[in-house]
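Enquirer: I have a structure here, written as structure tokens, and I will follow up with some questions on it.
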Protein chains: 4
Amino acid sequence: MKRMKSKYEIFREKIKVILYGTDTIMGRMFDLVLLGLILLSVLLVMMDTVQGISQKFHTQLLIFEWIITVFFTIEYILRVISIQKPVKYIFSFYGIIDLLAVLPMYLSIFFPGASILSVVRALRFFRLFKILHIPQISHQSSQLREAIEASKEKILVFIYFVLISTIIIGTVMYLVEGKESGFSSIPMSIYWTIVTLTTVGYGDISPQTPLGQFIAAFVMILGYGIIAVPTGIVTAEFAKSSLKNNVVGTKKTCKKCNAQLHFDNARYCYECGTELPIN
Amino acid sequence: MKRMKSKYEIFREKIKVILYGTDTIMGRMFDLVLLGLILLSVLLVMMDTVQGISQKFHTQLLIFEWIITVFFTIEYILRVISIQKPVKYIFSFYGIIDLLAVLPMYLSIFFPGASILSVVRALRFFRLFKILHIPQISHQSSQLREAIEASKEKILVFIYFVLISTIIIGTVMYLVEGKESGFSSIPMSIYWTIVTLTTVGYGDISPQTPLGQFIAAFVMILGYGIIAVPTGIVTAEFAKSSLKNNVVGTKKTCKKCNAQLHFDNARYCYECGTELPIN
Amino acid sequence: MKRMKSKYEIFREKIKVILYGTDTIMGRMFDLVLLGLILLSVLLVMMDTVQGISQKFHTQLLIFEWIITVFFTIEYILRVISIQKPVKYIFSFYGIIDLLAVLPMYLSIFFPGASILSVVRALRFFRLFKILHIPQISHQSSQLREAIEASKEKILVFIYFVLISTIIIGTVMYLVEGKESGFSSIPMSIYWTIVTLTTVGYGDISPQTPLGQFIAAFVMILGYGIIAVPTGIVTAEFAKSSLKNNVVGTKKTCKKCNAQLHFDNARYCYECGTELPIN
Amino acid sequence: MKRMKSKYEIFREKIKVILYGTDTIMGRMFDLVLLGLILLSVLLVMMDTVQGISQKFHTQLLIFEWIITVFFTIEYILRVISIQKPVKYIFSFYGIIDLLAVLPMYLSIFFPGASILSVVRALRFFRLFKILHIPQISHQSSQLREAIEASKEKILVFIYFVLISTIIIGTVMYLVEGKESGFSSIPMSIYWTIVTLTTVGYGDISPQTPLGQFIAAFVMILGYGIIAVPTGIVTAEFAKSSLKNNVVGTKKTCKKCNAQLHFDNARYCYECGTELPIN
């Protein structure tokens, strides 16, 4: 026997549908407005750090930021109220981000300058993935994640070798170049090695002695070559999952002759002509 | 009963064959002349911006540009006149580019400096693809397009993650480095992050504090590593289409249903179950 | 008939288990402490080269370095004593590194400045691989090594071509740019070519003449393109080993001849013709 | 009836074996000496351009260069004399390079400074491939060449798109940045675009306006992404040829059941167990 719902409960449920739901028109519209506001608030924080803009429009920017902060605060409170298990939400990934998104502005009342931290609101963009429940995109990003995860260990081993190399090369360059040409300490030398090995090459520090330039040339060619390794790892994973998923389905087996390498869309066994089960 | 063609109509048809056709000798020759003129006109616009050249040869360059502009204008008018559906051409991709290619020079009579916009003529290069109807090349470029299109969504998801990363890293660097060393605002910091993450590394802004350099080193290694992701995506697509076309035999076609991607050793069509010819 | 073990022999065996073993709790704990000390000692040597830190904390750093050196010395002596074949250990890769890790500090008594060489201690990190006998990681790194080894020859041929290209391009740039704009000698020009071809791009030397910039642009596009070659080589190796291991089923083994790489749908062993079990 | 060989003919044949042969001990030794001299002569030319070295050792360098030039001259004459078809050799790739290697020094008698051109001797390194007839390496380099050749057309189409993009982006940047910040002309702007797109990033020219930096960021991400395309093309080719050659032989067909995807080393058909022909 269902208990009559109080007005408050009906209100809570409505709010929940709007805030958490993505199926109703109201829910979707709220999500779009929210995304727009997140984008706007991140832009506001950014703009406020640009001197020219900040000097002219500081007050306007501040007002806008406060409006958005109040909106986010109300949204946060409603989210806590409307959900069944508020504690679980508060300590969830999204819950913490939602809180962090409003805190800096309130802190800035007591500690001026804290408002800069509002930029963590950018993390709220991750909601985009919850909101845009487009199956294709979530399929793509799950494939991406899978391939990266499968190659994680190989990449860690690779990075470990790279880091040891940078320490050794960095020290050698420190000894070779001396303090005059920017290689003022071993950590600085290691920094230079990473800048060079990754082919970034700022040029704020660059070797001046012939021997240093010779070693640098070696490091560059090394860096140019070993970029192949992470690329190779990730690509092989992609290729593997691609091949598995798209060209040939290994899961389909002909019941009569046990032939296995069927296309995903195959309807008849290529070996004996028996009809295959549709998946 | 065919109506007698007027002289004008015959002229129109001849023009059309020359301008749009690529099969007759006249048509091909016109295309080559056109390509040469496009190349020349782009070079002229470029040269005119080089100070040394512009001062010495400004008049000559101007005369040449006007000659080409007049030629392009006549060509445009003839194209409009000779085609069946002029409106469709005028608002087509090529039609708009053809118009944009001549407009700037005429505008420059009233607004000096507008002639620089003539550089949009470079877009006319795209005609090259229409002109060079070499099947092999159009096959290659269609394969390229296919592979890129198939990996479009994965790459967008990837770029989305990269952009969020740059916002967060950029803000952190702004907070760490302070305004002294070039990280004067968050947008500037994000600009630096992109410069570093993509391994471009201008060096116009580079971190000065030890902590900033440490984070920068991390960003570089990150950038060096994640370049593997788009490469992996595109490569897997290429490999897939390559394998589809080459290893799995495309030459076997089912006579009944025209399904094509059979294994070389397939004996029955996977689509309709008909027996396949043994090769 | 087993000889009674002397006290010294029991002590030796215990030490051996702690120093070389990774199975007992004591052995693992010692390894972790050792790793920590190696890391600490490398950091100390690095810190000592940073001027700000060195001036303030030189004495403290020195004391720490001496403590670690003494610890490493005792460890080295115990390793020599406790092992069956000390000569083999002394001249092994790890033995030489262990010795090199302590020598510089003792040398620094007579030659001030030699202590900087203590940074070779970083090489002791390689012990990490001995210590962390996690099968998964050693499997990964062996796969990495295999793929790199298989592509070694192709990469050498590639590097050979790149080096010849850099010599030729470097000379051309030396002739084109002249001595004013940093291309002061052919070796310097070759250095610039490597900096550009590998897309590092310091900017300490950059072409100033139009022709030089034109050639530079060509070199960049070349470098941008040929990075595909080592990547392609390594990736193909990875993909091959991946495919071998995963797509073609490694689980099917012929009972008679132990051949393993059967297709999933193979019914007879390709090696000896014996019938395989259907899975 | 064989004509008696004159002394001159015997001498010619001996010379031929030494100069062109790689099977006799004398022939191999001569090749190694030649390679050493080529390397030495290239180094000499390089050293002569380094100011410090040139000032001190100019006379010594010059003497060495003349000795090598005389040696190369004698070698060239002997090559022409000893071979059957001297004209064919003289106009062959190697013949022209061999001549170009000695000419500059003789020219430098009349035109001081021409000796710098001796650096073309570096091209003689290509002999290395003739000399080192190690089958494995020539197999590797032929595989390399094949993969690059197979992907040539796709890469050309790609480069064509990249070049058009650089023209358009370069012009936009010229219009946006103005002449103050290094974007002094459209060709200069295009040069900057290539520097950025290929992720070289010298930093000699870098955008100063916010809009310019925004476009630059876009160009960088574009460049970072499209590097995937040539890599993907080449890798797919490598993977294809690798797979074809190593994992699965498509050429082996079972005579009884026509199963085709056999391993290269398969001895029995995986489908019906019939013995396969050994290749």
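In the structure tokens, chains take the letters A, B, ... in the order shown, each chain's residues start at 1, and ligands count up from 1 in the order shown.
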With a distance cut-off of 12 Å and only C-alpha atoms, select the neighbouring residues of Ala147 (chain D), excluding the residue or stretch itself and same-chain residues fewer than 5 positions from it, and output the selection as a count of residues only.

Expert: 26

Enquirer: Compile a residue-level contact table for chain B against chain C at a cut-off of 8 Å, reporting for every qualifying residue the shortest atom pair and its distance in Å to one decimal, with only C-alpha atoms counted, rows ordered by chain and ascending number, as a tab-separated table.

Expert:
residue	atom	partner	partner_atom	distance
B:Thr199	CA	C:Val200	CA	7.8
B:Val200	CA	C:Val200	CA	7.7
B:Gly201	CA	C:Gly201	CA	7.7
B:Tyr202	CA	C:Tyr202	CA	7.6
B:Gly203	CA	C:Tyr202	CA	7.8

Enquirer: Fewer than 3 positions away in the same chain doesn't count, so skip those; otherwise give me all residues within 8 Å of region 58-72 of chain D, counting only C-alpha atoms, as a ChimeraX atom specification.

Expert: /D:37,41,44-45,48,53-55,75-76,98,101-102,105

Enquirer: Skipping near chain neighbours, those fewer than 5 positions away, what residues fall within 10 Å of Ile97 (chain B) using only C-alpha atoms, listed as a list in words?

Expert: Ile90, Phe91, Ser92, Val102, Val120, Arg121, Ala122, Leu123, Arg124 and Phe126 of chain B

Enquirer: With N, CA, C and O atoms retained, write the just-selected residues as a short mmCIF file (atom, residue, chain, number, x, y, z; two decimals), in the first residue's frame.

Expert:
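Listed below is the output, again_10.cif:
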data_model
loop_
_atom_site.label_atom_id
_atom_site.label_comp_id
_atom_site.auth_asym_id
_atom_site.auth_seq_id
_atom_site.Cartn_x
_atom_site.Cartn_y
_atom_site.Cartn_z
N ILE B 90 26.69 29.63 -59.06
CA ILE B 90 27.07 30.83 -58.30
C ILE B 90 27.12 30.54 -56.81
O ILE B 90 28.02 31.03 -56.11
N PHE B 91 26.21 29.74 -56.32
CA PHE B 91 26.17 29.47 -54.89
C PHE B 91 26.86 28.16 -54.50
O PHE B 91 26.78 27.72 -53.36
N SER B 92 27.51 27.54 -55.48
CA SER B 92 28.26 26.32 -55.15
C SER B 92 29.60 26.70 -54.53
O SER B 92 30.01 27.86 -54.56
N VAL B 102 38.11 37.32 -57.42
CA VAL B 102 38.22 38.57 -58.20
C VAL B 102 37.77 39.80 -57.41
O VAL B 102 38.25 40.91 -57.66
N VAL B 120 42.91 34.73 -51.25
CA VAL B 120 41.91 33.65 -51.21
C VAL B 120 41.93 32.87 -52.52
O VAL B 120 41.37 31.78 -52.61
N ARG B 121 42.59 33.45 -53.52
CA ARG B 121 42.72 32.73 -54.78
C ARG B 121 43.38 31.37 -54.57
O ARG B 121 43.22 30.46 -55.38
N ALA B 122 44.16 31.27 -53.49
CA ALA B 122 44.81 30.00 -53.20
C ALA B 122 43.78 28.88 -53.12
O ALA B 122 44.06 27.73 -53.45
N LEU B 123 42.56 29.26 -52.69
CA LEU B 123 41.51 28.25 -52.57
C LEU B 123 41.15 27.65 -53.93
O LEU B 123 40.61 26.56 -54.02
N ARG B 124 41.43 28.44 -54.98
CA ARG B 124 41.11 27.93 -56.32
C ARG B 124 41.96 26.71 -56.67
O ARG B 124 41.66 25.99 -57.62
N PHE B 126 41.99 24.13 -55.24
CA PHE B 126 41.18 22.93 -55.07
C PHE B 126 40.66 22.41 -56.40
O PHE B 126 40.31 21.25 -56.54
#

Enquirer: Which residues, written as a list in words, have at least one atom at most 8 Å from Tyr191 (chain C), with only C-alpha atoms counted and residues fewer than 5 positions away on the same chain left out?

Expert: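 What passes the distance filter is Gln213, Phe214 and Ala217 of chain A; Gly170 of chain C.
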
Enquirer: Determine which residues of region 25-159 of chain B DSSP labels as alpha helix (DSSP H) from the backbone of this structure, then write them out as a PyMOL selection string.

Expert: chain B and resi 25-49+51-82+86-90+93-110+127-131+135-150+152-159

Enquirer: Quote the spacing between CA of Met220 (chain A) and CA of Pro207 (chain B) in Å to one decimal place.

Expert: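 Computed distance, CA of Met220 (chain A) to CA of Pro207 (chain B), equals 21.3 Å.
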